[in-house]
$ cat run.cif   # mmCIF, C-alpha atoms
data_run
loop_
_atom_site.group_PDB
_atom_site.id
_atom_site.type_symbol
_atom_site.label_atom_id
_atom_site.label_comp_id
_atom_site.auth_asym_id
_atom_site.auth_seq_id
_atom_site.Cartn_x
_atom_site.Cartn_y
_atom_site.Cartn_z
ATOM 1 C CA MET A 1 -2.339 90.369 100.358
ATOM 2 C CA SER A 2 -1.587 91.613 103.880
ATOM 3 C CA HIS A 3 1.904 91.521 105.336
ATOM 4 C CA SER A 4 0.831 88.828 107.846
ATOM 5 C CA ALA A 5 -0.665 86.633 105.099
ATOM 6 C CA LEU A 6 2.448 87.047 102.966
ATOM 7 C CA ALA A 7 4.703 86.136 105.895
ATOM 8 C CA LEU A 8 2.570 83.052 106.669
ATOM 9 C CA SER A 9 2.737 81.923 103.010
ATOM 10 C CA LEU A 10 6.516 82.288 102.935
ATOM 11 C CA LEU A 11 6.816 80.324 106.189
ATOM 12 C CA VAL A 12 4.696 77.427 104.873
ATOM 13 C CA LEU A 13 6.672 77.390 101.597
ATOM 14 C CA SER A 14 9.980 77.277 103.439
ATOM 15 C CA LEU A 15 8.781 74.395 105.641
ATOM 16 C CA ILE A 16 7.680 72.386 102.587
ATOM 17 C CA CYS A 17 11.038 72.924 100.881
ATOM 18 C CA ALA A 18 12.910 72.008 104.049
ATOM 19 C CA SER A 19 10.970 68.782 104.506
ATOM 20 C CA ALA A 20 11.492 67.770 100.875
ATOM 21 C CA ARG A 21 15.200 68.544 100.814
ATOM 22 C CA PRO A 22 17.591 65.735 101.845
ATOM 23 C CA HIS A 23 20.281 66.582 104.394
ATOM 24 C CA PRO A 24 23.406 64.664 103.354
ATOM 25 C CA TYR A 25 25.836 67.119 104.923
ATOM 26 C CA PRO A 26 26.930 67.204 108.576
ATOM 27 C CA ARG A 27 25.364 69.841 110.783
ATOM 28 C CA SER A 28 28.829 70.929 111.897
ATOM 29 C CA LEU A 29 29.034 72.910 108.656
ATOM 30 C CA GLY A 30 26.698 75.476 110.228
ATOM 31 C CA THR A 31 23.209 76.432 109.142
ATOM 32 C CA ARG A 32 24.172 79.366 106.963
ATOM 33 C CA ARG A 33 27.094 77.606 105.307
ATOM 34 C CA GLY A 34 25.067 74.473 104.761
ATOM 35 C CA LEU A 35 22.195 76.342 103.143
ATOM 36 C CA LEU A 36 24.551 78.314 100.896
ATOM 37 C CA PHE A 37 26.331 75.106 99.885
ATOM 38 C CA ARG A 38 23.086 73.271 99.147
ATOM 39 C CA SER A 39 21.598 76.187 97.250
ATOM 40 C CA ALA A 40 24.529 75.979 94.831
ATOM 41 C CA LEU A 41 23.468 72.462 93.792
ATOM 42 C CA PRO A 42 21.622 72.261 90.468
ATOM 43 C CA PRO A 43 17.877 71.542 90.701
ATOM 44 C CA PHE A 44 18.113 68.058 89.156
ATOM 45 C CA SER A 45 20.477 66.962 91.954
ATOM 46 C CA ARG A 46 17.892 67.872 94.551
ATOM 47 C CA ARG A 47 15.211 65.977 92.645
ATOM 48 C CA ALA A 48 17.480 62.950 92.291
ATOM 49 C CA ARG A 49 18.162 62.921 96.012
ATOM 50 C CA CYS A 50 14.452 63.193 96.772
ATOM 51 C CA GLU A 51 13.743 60.267 94.439
ATOM 52 C CA VAL A 52 16.424 58.137 96.111
ATOM 53 C CA ARG A 53 15.013 58.975 99.501
ATOM 54 C CA ALA A 54 11.468 58.170 98.369
ATOM 55 C CA LYS A 55 12.652 54.847 96.929
ATOM 56 C CA ALA A 56 14.415 53.971 100.188
ATOM 57 C CA GLU A 57 11.239 54.675 102.119
ATOM 58 C CA THR A 58 9.220 52.365 99.869
ATOM 59 C CA GLU A 59 11.655 49.555 100.681
ATOM 60 C CA LYS A 60 10.057 49.272 104.118
ATOM 61 C CA LYS A 61 7.294 46.696 103.824
ATOM 62 C CA PRO A 62 5.045 45.004 106.411
ATOM 63 C CA TRP A 63 6.646 41.976 108.044
ATOM 64 C CA ASP A 64 4.600 38.781 107.989
ATOM 65 C CA PHE A 65 4.993 37.763 111.639
ATOM 66 C CA PRO A 66 2.629 34.735 111.420
ATOM 67 C CA ARG A 67 4.747 33.358 108.543
ATOM 68 C CA PHE A 68 7.859 33.886 110.677
ATOM 69 C CA VAL A 69 6.319 31.889 113.539
ATOM 70 C CA LYS A 70 5.225 29.125 111.159
ATOM 71 C CA THR A 71 8.713 28.894 109.634
ATOM 72 C CA VAL A 72 10.463 28.643 112.999
ATOM 73 C CA ALA A 73 7.947 26.049 114.220
ATOM 74 C CA THR A 74 8.426 24.015 111.027
ATOM 75 C CA PHE A 75 12.179 23.709 111.465
ATOM 76 C CA SER A 76 12.262 23.606 115.279
ATOM 77 C CA PRO A 77 9.595 21.045 116.192
ATOM 78 C CA PRO A 78 9.362 19.540 119.678
ATOM 79 C CA PRO A 79 11.219 16.227 120.151
ATOM 80 C CA SER A 80 9.411 12.962 119.586
ATOM 81 C CA PRO A 81 7.899 11.294 122.704
ATOM 82 C CA VAL A 82 10.589 8.598 122.633
ATOM 83 C CA LYS A 83 13.424 11.135 122.507
ATOM 84 C CA LEU A 84 11.750 13.239 125.173
ATOM 85 C CA ILE A 85 11.522 10.261 127.549
ATOM 86 C CA ARG A 86 15.183 9.426 126.899
ATOM 87 C CA ARG A 87 16.189 12.973 127.742
ATOM 88 C CA VAL A 88 14.151 12.938 130.953
ATOM 89 C CA LEU A 89 15.767 9.637 131.968
ATOM 90 C CA GLY A 90 19.203 10.925 131.038
ATOM 91 C CA GLN A 91 19.701 8.269 128.397
ATOM 92 C CA LYS A 92 22.087 8.918 125.533
ATOM 93 C CA GLU A 93 20.404 9.330 122.180
ATOM 94 C CA THR A 94 21.715 6.982 119.508
ATOM 95 C CA ASP A 95 20.449 8.082 116.111
ATOM 96 C CA GLN A 96 20.485 5.389 113.463
ATOM 97 C CA LYS A 97 22.281 6.787 110.419
ATOM 98 C CA ILE A 98 21.318 6.405 106.778
ATOM 99 C CA SER A 99 24.513 5.312 105.015
ATOM 100 C CA LEU A 100 24.786 6.626 101.458
ATOM 101 C CA ARG A 101 26.719 4.982 98.665
ATOM 102 C CA THR A 102 28.073 6.327 95.382
ATOM 103 C CA ASN A 103 25.402 7.181 92.774
ATOM 104 C CA GLN A 104 22.598 6.802 95.290
ATOM 105 C CA ASP A 105 19.743 9.284 94.971
ATOM 106 C CA ILE A 106 19.120 11.375 98.054
ATOM 107 C CA TRP A 107 16.052 13.013 96.536
ATOM 108 C CA ASN A 108 14.024 12.675 93.334
ATOM 109 C CA ILE A 109 10.294 12.737 92.624
ATOM 110 C CA ALA A 110 10.025 9.149 93.905
ATOM 111 C CA ASN A 111 11.629 10.418 97.153
ATOM 112 C CA PRO A 112 13.379 7.164 98.195
ATOM 113 C CA LEU A 113 14.501 8.534 101.588
ATOM 114 C CA GLY A 114 11.293 10.373 102.422
ATOM 115 C CA LEU A 115 12.880 13.844 102.480
ATOM 116 C CA ARG A 116 10.570 16.849 102.397
ATOM 117 C CA PHE A 117 11.521 20.422 101.551
ATOM 118 C CA ALA A 118 9.921 23.540 102.997
ATOM 119 C CA PRO A 119 10.621 27.264 102.447
ATOM 120 C CA LEU A 120 13.117 29.030 104.697
ATOM 121 C CA ASP A 121 13.155 32.619 103.426
ATOM 122 C CA ASP A 122 14.382 35.948 104.777
ATOM 123 C CA VAL A 123 11.134 36.309 106.760
ATOM 124 C CA VAL A 124 13.162 34.792 109.622
ATOM 125 C CA MET A 125 15.115 38.066 109.792
ATOM 126 C CA GLY A 126 12.364 40.542 108.926
ATOM 127 C CA GLY A 127 12.367 40.226 105.124
ATOM 128 C CA VAL A 128 9.473 39.737 102.728
ATOM 129 C CA SER A 129 10.904 37.342 100.100
ATOM 130 C CA ARG A 130 8.824 34.249 99.473
ATOM 131 C CA SER A 131 9.405 30.841 97.866
ATOM 132 C CA THR A 132 7.903 27.373 97.529
ATOM 133 C CA PHE A 133 9.030 23.877 96.592
ATOM 134 C CA GLU A 134 6.528 21.969 94.484
ATOM 135 C CA VAL A 135 6.937 18.439 93.144
ATOM 136 C CA GLY A 136 5.754 17.870 89.574
ATOM 137 C CA ALA A 137 5.677 14.947 87.183
ATOM 138 C CA GLU A 138 9.379 15.175 86.309
ATOM 139 C CA SER A 139 11.099 17.362 88.906
ATOM 140 C CA GLY A 140 10.842 19.581 91.937
ATOM 141 C CA ARG A 141 10.381 23.316 91.409
ATOM 142 C CA PHE A 142 12.058 25.788 93.780
ATOM 143 C CA SER A 143 10.579 29.146 92.800
ATOM 144 C CA GLY A 144 9.512 32.448 94.246
ATOM 145 C CA TYR A 145 10.247 36.146 94.473
ATOM 146 C CA VAL A 146 13.323 37.725 96.067
ATOM 147 C CA ASP A 147 12.754 41.163 97.597
ATOM 148 C CA GLU A 148 15.470 43.356 99.119
ATOM 149 C CA ALA A 149 13.009 45.278 101.291
ATOM 150 C CA ASN A 150 13.606 45.372 105.055
ATOM 151 C CA ASN A 151 17.285 44.515 104.504
ATOM 152 C CA GLY A 152 16.319 41.099 103.172
ATOM 153 C CA GLY A 153 17.368 39.380 99.980
ATOM 154 C CA PHE A 154 17.220 35.577 100.048
ATOM 155 C CA THR A 155 14.936 32.643 99.424
ATOM 156 C CA GLY A 156 15.638 29.057 100.351
ATOM 157 C CA VAL A 157 14.169 25.585 100.760
ATOM 158 C CA ARG A 158 15.512 23.176 103.362
ATOM 159 C CA THR A 159 14.774 19.591 104.214
ATOM 160 C CA LEU A 160 12.492 19.216 107.200
ATOM 161 C CA PRO A 161 14.219 17.919 110.360
ATOM 162 C CA LEU A 162 15.395 14.339 109.831
ATOM 163 C CA ASP A 163 14.803 11.532 112.296
ATOM 164 C CA SER A 164 18.166 10.064 111.282
ATOM 165 C CA PRO A 165 21.183 11.832 109.750
ATOM 166 C CA LEU A 166 22.711 10.973 106.381
ATOM 167 C CA ASP A 167 26.098 9.278 106.590
ATOM 168 C CA MET A 168 28.105 10.617 103.640
ATOM 169 C CA SER A 169 31.527 9.564 104.897
ATOM 170 C CA GLY A 170 31.794 6.974 102.114
ATOM 171 C CA VAL A 171 31.108 9.311 99.177
ATOM 172 C CA THR A 172 32.893 12.232 97.506
ATOM 173 C CA GLY A 173 30.143 14.802 97.298
ATOM 174 C CA ILE A 174 26.651 15.891 96.328
ATOM 175 C CA ARG A 175 25.482 15.892 92.701
ATOM 176 C CA LEU A 176 22.618 18.125 91.570
ATOM 177 C CA LYS A 177 20.738 17.767 88.299
ATOM 178 C CA VAL A 178 19.043 21.123 87.728
ATOM 179 C CA LYS A 179 17.639 23.631 85.243
ATOM 180 C CA GLY A 180 18.302 27.189 86.348
ATOM 181 C CA ASP A 181 17.819 30.812 85.396
ATOM 182 C CA GLY A 182 21.429 31.963 85.061
ATOM 183 C CA LYS A 183 21.720 32.962 88.712
ATOM 184 C CA ARG A 184 24.284 31.843 91.290
ATOM 185 C CA TYR A 185 22.782 29.644 94.003
ATOM 186 C CA LYS A 186 24.106 28.009 97.150
ATOM 187 C CA CYS A 187 23.831 24.469 98.376
ATOM 188 C CA THR A 188 24.173 24.238 102.138
ATOM 189 C CA ILE A 189 24.386 21.277 104.497
ATOM 190 C CA ARG A 190 24.452 20.950 108.276
ATOM 191 C CA ASP A 191 26.254 18.416 110.440
ATOM 192 C CA THR A 192 24.175 19.152 113.565
ATOM 193 C CA PRO A 193 20.394 19.189 114.052
ATOM 194 C CA ASP A 194 20.555 22.769 115.398
ATOM 195 C CA PHE A 195 18.286 25.256 113.617
ATOM 196 C CA ASN A 196 20.984 27.953 113.562
ATOM 197 C CA GLY A 197 24.140 25.880 113.799
ATOM 198 C CA ILE A 198 27.132 26.027 111.461
ATOM 199 C CA THR A 199 26.105 26.088 107.806
ATOM 200 C CA TRP A 200 28.442 24.391 105.330
ATOM 201 C CA THR A 201 28.104 26.214 102.017
ATOM 202 C CA MET A 202 29.125 25.901 98.384
ATOM 203 C CA GLU A 203 28.049 28.157 95.523
ATOM 204 C CA PHE A 204 27.132 26.997 92.027
ATOM 205 C CA ASP A 205 26.163 28.792 88.818
ATOM 206 C CA THR A 206 23.195 27.836 86.683
ATOM 207 C CA GLN A 207 22.815 28.109 82.931
ATOM 208 C CA LYS A 208 20.527 30.869 81.731
ATOM 209 C CA GLY A 209 17.438 29.924 79.793
ATOM 210 C CA GLY A 210 17.075 26.447 81.256
ATOM 211 C CA GLY A 211 13.356 26.513 81.939
ATOM 212 C CA PHE A 212 11.167 23.519 81.315
ATOM 213 C CA GLY A 213 12.417 23.061 77.743
ATOM 214 C CA GLY A 214 16.175 23.352 78.334
ATOM 215 C CA SER A 215 18.698 20.611 79.014
ATOM 216 C CA TRP A 216 19.525 19.372 82.484
ATOM 217 C CA GLN A 217 22.727 20.665 84.055
ATOM 218 C CA THR A 218 24.840 18.410 86.292
ATOM 219 C CA VAL A 219 26.532 20.166 89.217
ATOM 220 C CA ASP A 220 29.104 18.318 91.341
ATOM 221 C CA LEU A 221 29.773 19.691 94.822
ATOM 222 C CA PRO A 222 32.721 17.974 96.584
ATOM 223 C CA LEU A 223 32.201 17.727 100.337
ATOM 224 C CA ASN A 224 35.779 18.880 100.999
ATOM 225 C CA LYS A 225 35.028 22.179 99.205
ATOM 226 C CA PHE A 226 32.130 23.210 101.438
ATOM 227 C CA ILE A 227 32.886 26.302 103.545
ATOM 228 C CA ALA A 228 31.905 26.676 107.200
ATOM 229 C CA THR A 229 29.727 29.759 107.664
ATOM 230 C CA ARG A 230 27.347 31.354 110.117
ATOM 231 C CA PHE A 231 24.963 33.964 108.705
ATOM 232 C CA ALA A 232 27.111 34.017 105.510
ATOM 233 C CA ASN A 233 30.292 34.848 107.455
ATOM 234 C CA ILE A 234 33.187 32.406 107.035
ATOM 235 C CA LEU A 235 34.328 30.492 110.124
ATOM 236 C CA GLU A 236 37.905 29.313 110.450
ATOM 237 C CA GLY A 237 39.134 26.078 112.036
ATOM 238 C CA GLU A 238 35.931 24.059 111.596
ATOM 239 C CA ARG A 239 35.755 20.517 110.259
ATOM 240 C CA LEU A 240 32.740 19.015 108.521
ATOM 241 C CA ASP A 241 31.464 15.765 110.014
ATOM 242 C CA THR A 242 30.373 13.964 106.854
ATOM 243 C CA SER A 243 29.085 11.008 108.881
ATOM 244 C CA GLN A 244 26.046 12.980 110.042
ATOM 245 C CA ILE A 245 24.368 15.360 107.611
ATOM 246 C CA TRP A 246 21.142 16.625 109.151
ATOM 247 C CA ALA A 247 19.896 19.011 106.475
ATOM 248 C CA ILE A 248 20.285 19.965 102.810
ATOM 249 C CA GLN A 249 19.240 23.398 101.613
ATOM 250 C CA LEU A 250 19.117 25.302 98.315
ATOM 251 C CA VAL A 251 19.421 29.097 98.540
ATOM 252 C CA LEU A 252 19.369 32.152 96.313
ATOM 253 C CA SER A 253 20.978 34.999 98.258
ATOM 254 C CA LYS A 254 21.992 38.589 97.648
ATOM 255 C CA TYR A 255 25.199 37.897 99.571
ATOM 256 C CA ALA A 256 28.118 35.574 98.933
ATOM 257 C CA TYR A 257 30.470 35.496 101.950
ATOM 258 C CA ASP A 258 31.632 38.042 104.542
ATOM 259 C CA GLY A 259 29.347 40.788 103.316
ATOM 260 C CA LYS A 260 30.382 40.524 99.663
ATOM 261 C CA LEU A 261 27.572 40.610 97.121
ATOM 262 C CA ASN A 262 26.581 37.760 94.863
ATOM 263 C CA PRO A 263 27.659 39.094 91.422
ATOM 264 C CA LYS A 264 24.859 37.215 89.635
ATOM 265 C CA PHE A 265 22.075 38.219 92.001
ATOM 266 C CA GLN A 266 18.994 39.985 90.705
ATOM 267 C CA PRO A 267 15.901 40.713 92.804
ATOM 268 C CA GLY A 268 12.600 39.529 91.435
ATOM 269 C CA GLU A 269 11.323 36.179 90.221
ATOM 270 C CA MET A 270 13.548 33.118 90.509
ATOM 271 C CA GLN A 271 13.248 29.469 89.538
ATOM 272 C CA LEU A 272 15.376 26.359 89.916
ATOM 273 C CA LEU A 273 14.098 23.001 88.691
ATOM 274 C CA VAL A 274 15.583 20.019 90.535
ATOM 275 C CA LYS A 275 15.472 16.602 88.888
ATOM 276 C CA SER A 276 17.635 14.853 91.492
ATOM 277 C CA ILE A 277 20.016 15.258 94.399
ATOM 278 C CA SER A 278 22.418 12.342 94.713
ATOM 279 C CA ALA A 279 25.703 11.198 96.217
ATOM 280 C CA TYR A 280 28.710 10.595 93.987
#

$ encode --input "run.cif" --output "structure tokens"
Amino acid sequence: MSHSALALSLLVLSLICASARPHPYPRSLGTRRGLLFRSALPPFSRRARCEVRAKAETEKKPWDFPRFVKTVATFSPPPSPVKLIRRVLGQKETDQKISLRTNQDIWNIANPLGLRFAPLDDVVMGGVSRSTFEVGAESGRFSGYVDEANNGGFTGVRTLPLDSPLDMSGVTGIRLKVKGDGKRYKCTIRDTPDFNGITWTMEFDTQKGGGFGGSWQTVDLPLNKFIATRFANILEGERLDTSQIWAIQLVLSKYAYDGKLNPKFQPGEMQLLVKSISAY
């Protein structure tokens, strides 16, 4: 082999090694010092770092922009013609409220109030998680796949925009009858019709191994225990208006509050069977 060929081979080899090697140390250490320091690392450490880097790169997945548009359009529809005319004329909107009483079902398979649930997943912030809400012979089924790619990590189903809010000022809270998968979920409600307004949140744990053959779990969520949040960050000084609840949502999220992780979160398949949502 000629000297020029040997030099070219060494150059290519050095470039390959440089591109494969992670650079976790600041450049202020100096090139020579940095190389000497890195060369002292055992080979398995370099491989481990390369594997971590490769895994991080695979976490970037294509964003489903059409699904994002569909989701936003589903929960932010244009106003009805009657409401639009009232706004043009400057008339005050007076929404007729649906007053709830103790032990009244808000949702079950018979759907007495005509509520409909639709998915509201992390696609709204660039994620790729996906869920559905299907109504069967005995219950509703909130299920899907939670993926942490693209900094995502939540699935959710929310009631479609209501024509009239739910007046829950005469009841204590919301009661869920569910079969879960051992994960910690959130129930959220909203006291304004805004798509991204304040979210009132309460967490609840489910029993593992519920499935279709397990027993139903009753979960009571007192309205005075719901926490005001925006994008999972706690807001201070807010007061829930229980006389106008515009939305109910069920969520499985990687995060709890203020950046803290949900200790029972696991990415992958999820399932929550819902027999009823009622006032108590």

$ closest_atom_pairs --input "run.cif" --of "segment 240-279 of chain A" --to "segment 144-160 of chain A" --cutoff "7 Å" --atoms "all atoms listed in the file" --output "CSV"
residue,atom,partner,partner_atom,distance
A:Ala247,CA,A:Thr159,CA,5.6
A:Ile248,CA,A:Thr159,CA,5.7
A:Gln249,CA,A:Arg158,CA,4.1
A:Leu250,CA,A:Gly156,CA,5.5
A:Val251,CA,A:Gly156,CA,4.2
A:Leu252,CA,A:Thr155,CA,5.4
A:Ser253,CA,A:Phe154,CA,4.2
A:Lys254,CA,A:Gly153,CA,5.2
A:Pro267,CA,A:Val146,CA,5.1
A:Gly268,CA,A:Val146,CA,5.0
A:Glu269,CA,A:Tyr145,CA,4.4
A:Met270,CA,A:Gly144,CA,5.5
A:Gln271,CA,A:Gly144,CA,6.7

$ resolve_selection --input "run.cif" --expression "the PyMOL selection byres ((chain A and resi 214-231) around 10)" --output "JSON, numbers by chain"
{"A": [168, 169, 171, 172, 173, 174, 175, 176, 177, 178, 179, 180, 187, 188, 189, 190, 196, 197, 198, 199, 200, 201, 202, 203, 204, 205, 206, 207, 208, 209, 210, 211, 212, 213, 232, 233, 234, 235, 236, 237, 238, 239, 240, 241, 242, 255, 257, 258, 259, 273, 274, 275, 276, 277, 278, 279, 280]}

$ atom_distance --input "run.cif" --atom1 "atom CA of Asn262 of chain A" --atom2 "atom CA of Trp63 of chain A"
24.3 Å

$ residues_around --input "run.cif" --residues "Ile245 of chain A" --least-positions-apart "5" --cutoff "6 Å" --atoms "all atoms listed in the file" --output "mmCIF file with C-alpha atoms, in the frame of the given file"
data_model
loop_
_atom_site.group_PDB
_atom_site.id
_atom_site.type_symbol
_atom_site.label_atom_id
_atom_site.label_comp_id
_atom_site.auth_asym_id
_atom_site.auth_seq_id
_atom_site.Cartn_x
_atom_site.Cartn_y
_atom_site.Cartn_z
ATOM 1 C CA PRO A 165 21.183 11.832 109.750
ATOM 2 C CA LEU A 166 22.711 10.973 106.381
ATOM 3 C CA ARG A 190 24.452 20.950 108.276
ATOM 4 C CA ASP A 191 26.254 18.416 110.440
#

$ resolve_selection --input "run.cif" --expression "the PyMOL selection byres ((chain A and resi 131) around 6)" --output "PyMOL selection string"
chain A and resi 119+130+132+143-144

$ resolve_selection --input "run.cif" --expression "the PyMOL selection byres ((chain A and resi 116) around 9)" --output "number ranges by chain"
A: 107, 111, 114-115, 117-118, 158-161

$ atom_distance --input "run.cif" --atom1 "atom CA of Leu84 of chain A" --atom2 "atom CA of Ser243 of chain A"
23.9 Å

$ residues_around --input "run.cif" --residues "Ala110 of chain A" --least-positions-apart "6" --cutoff "10 Å" --atoms "all atoms listed in the file" --output "PyMOL selection string"
chain A and resi 135+137-139+276

$ residues_near_point --input "run.cif" --point "(12.5, 40.6, 109.6)" --cutoff "10 Å" --atoms "all atoms listed in the file" --output "VMD selection string"
chain A and resid 61 to 65 68 122 to 128 149 to 152
